[in-house]
>>> print(open('start.pdb').read())   # PDB, C-alpha atoms
ATOM      1  CA  MET A 952      69.589 109.086 109.871
ATOM      2  CA  ALA A 953      69.880 108.990 113.666
ATOM      3  CA  LEU A 954      73.157 107.726 115.026
ATOM      4  CA  PRO A 955      72.797 105.285 117.953
ATOM      5  CA  LYS A 956      73.715 106.733 121.327
ATOM      6  CA  ARG A 957      76.375 104.103 121.805
ATOM      7  CA  ILE A 958      78.257 105.320 118.725
ATOM      8  CA  ILE A 959      77.937 108.978 119.744
ATOM      9  CA  LYS A 960      79.296 108.189 123.214
ATOM     10  CA  GLU A 961      82.214 106.176 121.891
ATOM     11  CA  THR A 962      83.098 108.922 119.420
ATOM     12  CA  GLU A 963      82.950 111.613 122.082
ATOM     13  CA  ARG A 964      85.209 109.634 124.357
ATOM     14  CA  LEU A 965      87.692 108.923 121.564
ATOM     15  CA  MET A 966      87.927 112.668 120.975
ATOM     16  CA  ALA A 967      88.002 113.748 124.637
ATOM     17  CA  GLU A 968      90.361 111.065 125.923
ATOM     18  CA  PRO A 969      92.356 109.796 122.967
ATOM     19  CA  VAL A 970      94.431 106.664 123.409
ATOM     20  CA  PRO A 971      98.161 107.445 123.183
ATOM     21  CA  GLY A 972      99.484 106.567 119.732
ATOM     22  CA  ILE A 973      96.022 106.046 118.256
ATOM     23  CA  SER A 974      93.596 108.425 116.618
ATOM     24  CA  ALA A 975      90.153 107.803 115.153
ATOM     25  CA  VAL A 976      88.232 110.621 113.481
ATOM     26  CA  PRO A 977      84.791 110.138 111.926
ATOM     27  CA  HIS A 978      84.082 111.395 108.415
ATOM     28  CA  GLU A 979      81.821 114.427 108.450
ATOM     29  CA  ASP A 980      79.491 112.918 105.873
ATOM     30  CA  ASN A 981      79.410 109.437 107.436
ATOM     31  CA  LEU A 982      79.710 109.264 111.188
ATOM     32  CA  ARG A 983      80.050 105.479 111.115
ATOM     33  CA  TYR A 984      83.203 105.735 108.990
ATOM     34  CA  PHE A 985      86.483 106.626 110.713
ATOM     35  CA  ASP A 986      89.944 107.585 109.575
ATOM     36  CA  VAL A 987      92.282 105.834 111.939
ATOM     37  CA  SER A 988      95.997 106.070 112.536
ATOM     38  CA  ILE A 989      98.073 103.830 114.753
ATOM     39  CA  HIS A 990     101.682 104.405 115.736
ATOM     40  CA  GLY A 991     103.841 101.307 115.464
ATOM     41  CA  PRO A 992     104.684 100.067 118.967
ATOM     42  CA  SER A 993     108.197 100.711 120.241
ATOM     43  CA  GLN A 994     110.617  97.795 120.068
ATOM     44  CA  SER A 995     108.641  96.317 117.173
ATOM     45  CA  PRO A 996     109.637  96.362 113.485
ATOM     46  CA  TYR A 997     106.858  98.933 113.035
ATOM     47  CA  GLU A 998     108.381 101.440 115.459
ATOM     48  CA  GLY A 999     108.483 104.957 114.056
ATOM     49  CA  GLY A1000     105.772 104.223 111.499
ATOM     50  CA  ILE A1001     102.330 105.765 111.400
ATOM     51  CA  PHE A1002      99.820 103.383 109.893
ATOM     52  CA  LYS A1003      96.577 104.548 108.386
ATOM     53  CA  LEU A1004      93.472 102.417 108.666
ATOM     54  CA  GLU A1005      89.794 102.792 107.934
ATOM     55  CA  LEU A1006      87.021 101.630 110.212
ATOM     56  CA  PHE A1007      83.315 101.235 109.601
ATOM     57  CA  LEU A1008      80.569 100.501 112.099
ATOM     58  CA  PRO A1009      77.968  98.366 110.316
ATOM     59  CA  GLU A1010      74.230  98.824 110.725
ATOM     60  CA  ASP A1011      73.960  96.251 113.518
ATOM     61  CA  TYR A1012      77.011  97.419 115.486
ATOM     62  CA  PRO A1013      77.663  96.621 118.339
ATOM     63  CA  MET A1014      75.961  93.269 117.746
ATOM     64  CA  THR A1015      78.499  92.715 114.963
ATOM     65  CA  PRO A1016      82.118  93.898 115.116
ATOM     66  CA  PRO A1017      83.470  96.979 113.357
ATOM     67  CA  LYS A1018      84.990  96.444 109.918
ATOM     68  CA  ILE A1019      88.548  97.624 109.761
ATOM     69  CA  ARG A1020      91.527  97.412 107.439
ATOM     70  CA  PHE A1021      94.972  98.924 106.901
ATOM     71  CA  LEU A1022      95.390 101.529 104.182
ATOM     72  CA  THR A1023      99.149 101.649 104.669
ATOM     73  CA  LYS A1024     101.075  98.723 103.227
ATOM     74  CA  ILE A1025     102.449  96.582 106.036
ATOM     75  CA  TYR A1026     104.518  93.392 106.207
ATOM     76  CA  HIS A1027     102.846  91.345 108.910
ATOM     77  CA  PRO A1028     101.747  87.675 109.038
ATOM     78  CA  ASN A1029      98.229  88.524 110.198
ATOM     79  CA  ILE A1030      97.557  91.314 107.703
ATOM     80  CA  ASP A1031      97.022  90.578 104.023
ATOM     81  CA  LYS A1032      97.879  92.494 100.852
ATOM     82  CA  LEU A1033      94.565  94.332 100.955
ATOM     83  CA  GLY A1034      95.084  95.389 104.566
ATOM     84  CA  ARG A1035      92.590  92.906 105.991
ATOM     85  CA  ILE A1036      93.352  91.855 109.552
ATOM     86  CA  CYS A1037      93.139  88.399 111.103
ATOM     87  CA  LEU A1038      92.284  89.036 114.722
ATOM     88  CA  ASP A1039      89.955  86.902 116.857
ATOM     89  CA  VAL A1040      88.182  89.855 118.462
ATOM     90  CA  LEU A1041      87.180  91.111 115.022
ATOM     91  CA  LYS A1042      85.554  87.760 114.254
ATOM     92  CA  SER A1043      84.449  84.924 116.534
ATOM     93  CA  ASN A1044      85.601  86.541 119.771
ATOM     94  CA  TRP A1045      83.781  89.825 119.210
ATOM     95  CA  SER A1046      81.557  90.898 122.070
ATOM     96  CA  PRO A1047      79.327  93.986 122.225
ATOM     97  CA  ALA A1048      81.194  94.886 125.410
ATOM     98  CA  LEU A1049      84.248  95.640 123.252
ATOM     99  CA  GLN A1050      84.586  99.069 121.691
ATOM    100  CA  ILE A1051      86.375 100.916 118.926
ATOM    101  CA  ARG A1052      88.985 101.871 121.504
ATOM    102  CA  THR A1053      89.652  98.293 122.639
ATOM    103  CA  ILE A1054      89.772  97.010 119.067
ATOM    104  CA  LEU A1055      92.345  99.614 118.071
ATOM    105  CA  LEU A1056      94.435  98.740 121.118
ATOM    106  CA  SER A1057      94.239  95.057 120.123
ATOM    107  CA  ILE A1058      95.468  95.936 116.650
ATOM    108  CA  GLN A1059      98.333  97.960 118.076
ATOM    109  CA  ALA A1060      99.186  94.977 120.292
ATOM    110  CA  LEU A1061      99.063  92.684 117.244
ATOM    111  CA  LEU A1062     101.756  94.855 115.641
ATOM    112  CA  GLY A1063     103.901  94.271 118.714
ATOM    113  CA  ALA A1064     103.207  90.532 118.757
ATOM    114  CA  PRO A1065     102.799  89.006 115.279
ATOM    115  CA  ASN A1066     101.272  85.548 115.335
ATOM    116  CA  PRO A1067     102.556  83.500 112.371
ATOM    117  CA  ASP A1068     100.651  80.413 113.590
ATOM    118  CA  ASP A1069      97.316  82.012 112.726
ATOM    119  CA  PRO A1070      98.233  83.662 109.465
ATOM    120  CA  LEU A1071      96.232  85.617 106.952
ATOM    121  CA  ALA A1072      99.166  86.383 104.674
ATOM    122  CA  ASN A1073     100.558  82.872 104.183
ATOM    123  CA  ASP A1074     103.748  83.845 102.368
ATOM    124  CA  VAL A1075     104.644  86.330 105.096
ATOM    125  CA  ALA A1076     103.829  83.871 107.876
ATOM    126  CA  GLN A1077     105.939  81.160 106.298
ATOM    127  CA  ARG A1078     108.913  83.472 106.032
ATOM    128  CA  TRP A1079     108.317  84.615 109.591
ATOM    129  CA  LYS A1080     108.615  81.025 110.768
ATOM    130  CA  GLU A1081     111.543  80.050 108.574
ATOM    131  CA  ASP A1082     113.702  83.102 109.029
ATOM    132  CA  GLN A1083     112.298  85.425 111.628
ATOM    133  CA  GLU A1084     115.238  87.796 111.542
ATOM    134  CA  ALA A1085     114.926  88.358 107.803
ATOM    135  CA  ALA A1086     111.162  88.771 108.052
ATOM    136  CA  ILE A1087     111.547  91.382 110.763
ATOM    137  CA  GLN A1088     114.091  93.165 108.621
ATOM    138  CA  THR A1089     111.607  93.270 105.717
ATOM    139  CA  ALA A1090     108.897  94.544 108.071
ATOM    140  CA  ARG A1091     111.276  97.340 109.143
ATOM    141  CA  GLU A1092     112.026  98.251 105.543
ATOM    142  CA  TRP A1093     108.335  98.341 104.609
ATOM    143  CA  THR A1094     107.666 100.536 107.639
ATOM    144  CA  LYS A1095     110.333 102.943 106.437
ATOM    145  CA  THR A1096     109.056 102.947 102.852
ATOM    146  CA  HIS A1097     105.319 103.072 103.426
ATOM    147  CA  ALA A1098     104.642 104.353 106.953
ATOM    148  CA  MET A1099     107.157 107.153 107.405
ATOM    149  CA  THR A1100     106.246 109.456 104.548
TER     150      THR A1100
ATOM    151  CA  MET B1337      67.790 104.715 105.810
ATOM    152  CA  GLY B1338      70.511 102.490 107.260
ATOM    153  CA  ALA B1339      74.232 102.780 107.594
ATOM    154  CA  LYS B1340      75.940 103.833 104.394
ATOM    155  CA  VAL B1341      78.693 101.330 103.628
ATOM    156  CA  PRO B1342      81.792 103.216 102.375
ATOM    157  CA  ARG B1343      83.289 102.357  98.985
ATOM    158  CA  ASN B1344      86.214 100.271 100.210
ATOM    159  CA  PHE B1345      84.191  98.109 102.560
ATOM    160  CA  ARG B1346      81.580  97.634  99.858
ATOM    161  CA  LEU B1347      84.270  96.480  97.435
ATOM    162  CA  LEU B1348      85.712  94.122 100.084
ATOM    163  CA  GLU B1349      82.234  92.590 100.493
ATOM    164  CA  GLU B1350      81.951  92.130  96.748
ATOM    165  CA  LEU B1351      85.450  90.659  96.610
ATOM    166  CA  GLU B1352      84.636  88.122  99.307
ATOM    167  CA  LYS B1353      81.402  87.167  97.593
ATOM    168  CA  GLY B1354      83.241  86.788  94.303
ATOM    169  CA  GLU B1355      86.078  84.750  95.859
ATOM    170  CA  LYS B1356      83.688  82.360  97.551
ATOM    171  CA  GLY B1357      81.791  81.938  94.304
ATOM    172  CA  LEU B1358      78.546  82.839  96.023
ATOM    173  CA  GLY B1359      77.314  84.811  93.062
ATOM    174  CA  ALA B1360      75.252  83.828  90.068
ATOM    175  CA  GLU B1361      76.654  80.808  88.246
ATOM    176  CA  ALA B1362      77.021  82.363  84.837
ATOM    177  CA  CYS B1363      79.077  85.385  85.930
ATOM    178  CA  SER B1364      82.262  85.848  87.928
ATOM    179  CA  TYR B1365      84.523  88.698  88.884
ATOM    180  CA  GLY B1366      87.718  89.394  90.813
ATOM    181  CA  LEU B1367      90.413  91.990  91.364
ATOM    182  CA  ALA B1368      92.661  92.607  88.350
ATOM    183  CA  ASP B1369      95.609  93.272  90.669
ATOM    184  CA  SER B1370      95.441  91.427  93.990
ATOM    185  CA  ASP B1371      97.928  93.954  95.466
ATOM    186  CA  ASP B1372      95.832  97.013  94.703
ATOM    187  CA  LEU B1373      94.785  98.463  98.059
ATOM    188  CA  MET B1374      92.372 100.812  96.289
ATOM    189  CA  MET B1375      90.631  97.925  94.476
ATOM    190  CA  THR B1376      90.049 100.012  91.355
ATOM    191  CA  ASN B1377      90.296  97.525  88.486
ATOM    192  CA  TRP B1378      88.373  94.282  88.235
ATOM    193  CA  ASN B1379      87.989  91.478  85.724
ATOM    194  CA  GLY B1380      84.587  90.042  85.017
ATOM    195  CA  THR B1381      83.454  87.100  82.931
ATOM    196  CA  ILE B1382      80.065  86.310  81.492
ATOM    197  CA  LEU B1383      79.074  82.927  80.156
ATOM    198  CA  GLY B1384      77.055  83.485  76.998
ATOM    199  CA  PRO B1385      73.357  82.711  77.484
ATOM    200  CA  PRO B1386      72.019  79.461  75.983
ATOM    201  CA  HIS B1387      69.909  79.444  72.805
ATOM    202  CA  SER B1388      71.695  82.527  71.495
ATOM    203  CA  ALA B1389      74.626  83.374  69.247
ATOM    204  CA  HIS B1390      76.624  83.652  72.491
ATOM    205  CA  GLU B1391      76.026  80.101  73.681
ATOM    206  CA  ASN B1392      79.189  78.427  75.069
ATOM    207  CA  ARG B1393      81.242  81.593  74.686
ATOM    208  CA  ILE B1394      82.991  83.240  77.612
ATOM    209  CA  TYR B1395      83.222  87.017  77.512
ATOM    210  CA  SER B1396      85.786  89.002  79.508
ATOM    211  CA  VAL B1397      85.145  92.539  80.629
ATOM    212  CA  ASN B1398      87.191  95.120  82.500
ATOM    213  CA  ILE B1399      85.394  96.899  85.310
ATOM    214  CA  HIS B1400      86.781 100.176  86.603
ATOM    215  CA  CYS B1401      85.517 101.355  90.012
ATOM    216  CA  ASP B1402      86.709 104.904  90.609
ATOM    217  CA  SER B1403      86.528 106.783  93.904
ATOM    218  CA  ASN B1404      82.833 107.598  93.331
ATOM    219  CA  TYR B1405      81.750 103.957  93.321
ATOM    220  CA  PRO B1406      79.147 102.854  94.403
ATOM    221  CA  ASP B1407      77.477 106.278  94.391
ATOM    222  CA  GLN B1408      78.205 106.234  90.665
ATOM    223  CA  PRO B1409      78.334 103.133  88.478
ATOM    224  CA  PRO B1410      81.679 101.676  87.390
ATOM    225  CA  THR B1411      82.773 101.846  83.755
ATOM    226  CA  ILE B1412      82.636  98.598  81.820
ATOM    227  CA  GLN B1413      84.665  97.629  78.793
ATOM    228  CA  PHE B1414      84.497  94.357  76.912
ATOM    229  CA  VAL B1415      87.841  92.681  76.281
ATOM    230  CA  SER B1416      86.286  89.945  74.151
ATOM    231  CA  ARG B1417      84.859  91.174  70.892
ATOM    232  CA  ILE B1418      81.090  91.244  70.838
ATOM    233  CA  ASN B1419      78.385  92.739  68.645
ATOM    234  CA  LEU B1420      75.779  94.337  70.898
ATOM    235  CA  PRO B1421      74.020  97.707  70.624
ATOM    236  CA  CYS B1422      75.224  98.830  74.077
ATOM    237  CA  VAL B1423      78.885  98.068  73.271
ATOM    238  CA  ASP B1424      81.064 100.463  71.282
ATOM    239  CA  LYS B1425      82.197  98.701  68.101
ATOM    240  CA  LYS B1426      85.720 100.144  68.238
ATOM    241  CA  THR B1427      86.593 100.225  71.928
ATOM    242  CA  GLY B1428      84.341  97.642  73.576
ATOM    243  CA  LYS B1429      83.122 100.244  76.088
ATOM    244  CA  VAL B1430      79.594  99.776  77.380
ATOM    245  CA  ASP B1431      77.426 102.847  76.768
ATOM    246  CA  PRO B1432      75.884 103.520  80.191
ATOM    247  CA  SER B1433      72.854 105.205  78.621
ATOM    248  CA  LYS B1434      71.935 101.975  76.836
ATOM    249  CA  LEU B1435      72.056  99.545  79.730
ATOM    250  CA  PRO B1436      69.194 100.200  82.186
ATOM    251  CA  CYS B1437      71.089  99.279  85.390
ATOM    252  CA  LEU B1438      73.813 101.795  84.502
ATOM    253  CA  ALA B1439      71.421 104.459  83.240
ATOM    254  CA  HIS B1440      69.319 104.189  86.395
ATOM    255  CA  TRP B1441      72.091 103.281  88.810
ATOM    256  CA  LYS B1442      71.247 102.646  92.463
ATOM    257  CA  ARG B1443      73.783 102.496  95.267
ATOM    258  CA  ASP B1444      72.869  98.943  96.212
ATOM    259  CA  TYR B1445      73.616  97.630  92.739
ATOM    260  CA  THR B1446      76.859  95.692  92.479
ATOM    261  CA  MET B1447      79.278  94.552  89.792
ATOM    262  CA  GLU B1448      77.340  91.306  89.763
ATOM    263  CA  THR B1449      74.112  93.214  89.023
ATOM    264  CA  ILE B1450      75.778  94.616  85.905
ATOM    265  CA  LEU B1451      77.222  91.297  84.705
ATOM    266  CA  ILE B1452      73.857  89.564  85.118
ATOM    267  CA  GLU B1453      72.103  92.365  83.293
ATOM    268  CA  LEU B1454      74.615  92.282  80.439
ATOM    269  CA  ARG B1455      73.967  88.568  80.117
ATOM    270  CA  ARG B1456      70.220  89.152  80.067
ATOM    271  CA  TYR B1457      70.738  91.891  77.467
ATOM    272  CA  MET B1458      72.598  89.404  75.242
ATOM    273  CA  ALA B1459      69.638  87.038  75.456
ATOM    274  CA  LEU B1460      66.967  89.595  74.514
ATOM    275  CA  PRO B1461      64.955  88.466  71.444
ATOM    276  CA  GLN B1462      66.246  91.434  69.424
ATOM    277  CA  HIS B1463      69.901  90.718  70.395
ATOM    278  CA  LYS B1464      70.298  86.977  70.656
ATOM    279  CA  LYS B1465      70.600  86.326  66.914
ATOM    280  CA  LEU B1466      72.960  89.223  66.112
ATOM    281  CA  PRO B1467      75.936  88.010  64.063
ATOM    282  CA  GLN B1468      79.012  87.766  66.298
ATOM    283  CA  PRO B1469      82.732  88.211  65.575
ATOM    284  CA  PRO B1470      84.872  85.049  65.641
ATOM    285  CA  GLU B1471      85.184  83.497  69.063
ATOM    286  CA  GLY B1472      88.318  84.429  70.993
ATOM    287  CA  THR B1473      88.945  87.794  69.285
ATOM    288  CA  THR B1474      89.528  90.868  71.431
ATOM    289  CA  PHE B1475      89.061  94.623  71.198
TER     290      PHE B1475
END
>>> encode(input="start.pdb", output="structure tokens")
Amino acid sequence: MALPKRIIKETERLMAEPVPGISAVPHEDNLRYFDVSIHGPSQSPYEGGIFKLELFLPEDYPMTPPKIRFLTKIYHPNIDKLGRICLDVLKSNWSPALQIRTILLSIQALLGAPNPDDPLANDVAQRWKEDQEAAIQTAREWTKTHAMT
Amino acid sequence: MGAKVPRNFRLLEELEKGEKGLGAEACSYGLADSDDLMMTNWNGTILGPPHSAHENRIYSVNIHCDSNYPDQPPTIQFVSRINLPCVDKKTGKVDPSKLPCLAHWKRDYTMETILIELRRYMALPQHKKLPQPPEGTTF
């Protein structure tokens, strides 16, 4: 199975010039499937946590966006219980000009700027709106419990 | 050969299809524990085929997708009691050697494939008149 040049190039660049706080390593037996980790941004409730994700480049990538989800439990209004992420660039605002690198940076930015008005996890979003301080506290506790081990 | 969809993304696809009810009418399935990041255990239901001893009955099954899914088939166990040659009379487990889609598993088969085939198996001429345990009993 030949891997498209675009994917090879992106992978090489991810390895040669990694983005600070982000790593993406392809599986040896499936070069479209990546183990990803993202460091929680500083001054966010996720600071100090290392979050594991998985990413898959579908057959028609880059015409369709990568599939990506969190494997580490996280308390965030735009991430659901199964780790699925609500992010415009992963859906309607995807463009083939975007890359794995830019998507991972967008996800890291989403951790720094939760958006409870466009929620995926409704219960979390509601709490975020009603009592932001308490929600942030829960997010910190979850980070400690699930992302610092 | 195209891109090989990894287990978890395959299960997410199946979950979304199941949630949207896009599948076959007579079968449904969903996660047993909506918090389970590994998506290992699933519940399935099969509406008994018409013109058989199963007509108007709803059968529940447990589906267990281990880390080898979908390279290997999941294990299936009936919760509702049923009398069928491919189902163990004591435990409700489906004998994979007796159901063709499990015996000759292919990676592009899904949980829905299995539920539909079980339903078809119930409706086979040699199975559809088998005496059945009382409705609503479980293994």
>>> axis_aligned_box(input="start.pdb", around="stretch 1455-1470 of chain B", padding_each_side="8 Å", output="AutoDock Vina command-line options")
--center_x 74.9 --center_y 88.5 --center_z 72.1 --size_x 35.9 --size_y 22.8 --size_z 32.1
>>> resolve_selection(input="start.pdb", expression="the PyMOL selection byres ((chain A and resi 954) around 12)", output="list in words")
Met952, Ala953, Pro955, Lys956, Arg957, Ile958, Ile959, Lys960, Glu961, Thr962, Asn981, Leu982, Arg983, Tyr984, Leu1008, Pro1009, Glu1010, Asp1011 and Tyr1012 of chain A; Met1337, Gly1338, Ala1339 and Lys1340 of chain B
>>> atom_distance(input="start.pdb", atom1="atom CA of B:Cys1363", atom2="atom CA of B:Ile1382")
4.6 Å
>>> resolve_selection(input="start.pdb", expression="the PyMOL selection byres ((chain A and resi 1048) around 12)", output="ChimeraX atom specification")
/A:957,961,1012-1016,1040,1044-1047,1049-1054
>>> residues_around(input="start.pdb", residues="B:Arg1393", least_positions_apart="3", cutoff="8 Å", atoms="all atoms listed in the file", output="ChimeraX atom specification")
/B:1383-1384,1390,1471
>>> write_last_selection(input="start.pdb", atoms="C-alpha atoms", output="short mmCIF file (atom, residue, chain, number, x, y, z; two decimals), in the coordinates of the input")
data_model
loop_
_atom_site.label_atom_id
_atom_site.label_comp_id
_atom_site.auth_asym_id
_atom_site.auth_seq_id
_atom_site.Cartn_x
_atom_site.Cartn_y
_atom_site.Cartn_z
CA LEU B 1383 79.07 82.93 80.16
CA GLY B 1384 77.06 83.48 77.00
CA HIS B 1390 76.62 83.65 72.49
CA GLU B 1471 85.18 83.50 69.06
#
>>> residues_around(input="start.pdb", residues="stretch 1055-1058 of chain A", least_positions_apart="2", cutoff="12 Å", atoms="all atoms listed in the file", output="PyMOL selection string")
chain A and resi 965+969-975+985-992+1002-1006+1017-1021+1027+1029-1030+1035-1041+1045+1049-1053+1060-1066
>>> interface_residues(input="start.pdb", of="chain B", to="chain A", cutoff="12 Å", atoms="all atoms listed in the file", output="ChimeraX atom specification")
/B:1337-1349,1351-1352,1367,1369-1375
>>> residues_around(input="start.pdb", residues="A:Arg1078", least_positions_apart="3", cutoff="12 Å", atoms="all atoms listed in the file", output="PyMOL selection string")
chain A and resi 1026-1028+1067-1068+1070+1072-1075+1081-1090
>>> residues_around(input="start.pdb", residues="A:Met1099", least_positions_apart="6", cutoff="8 Å", atoms="only C-alpha atoms", output="PyMOL selection string")
chain A and resi 999-1001
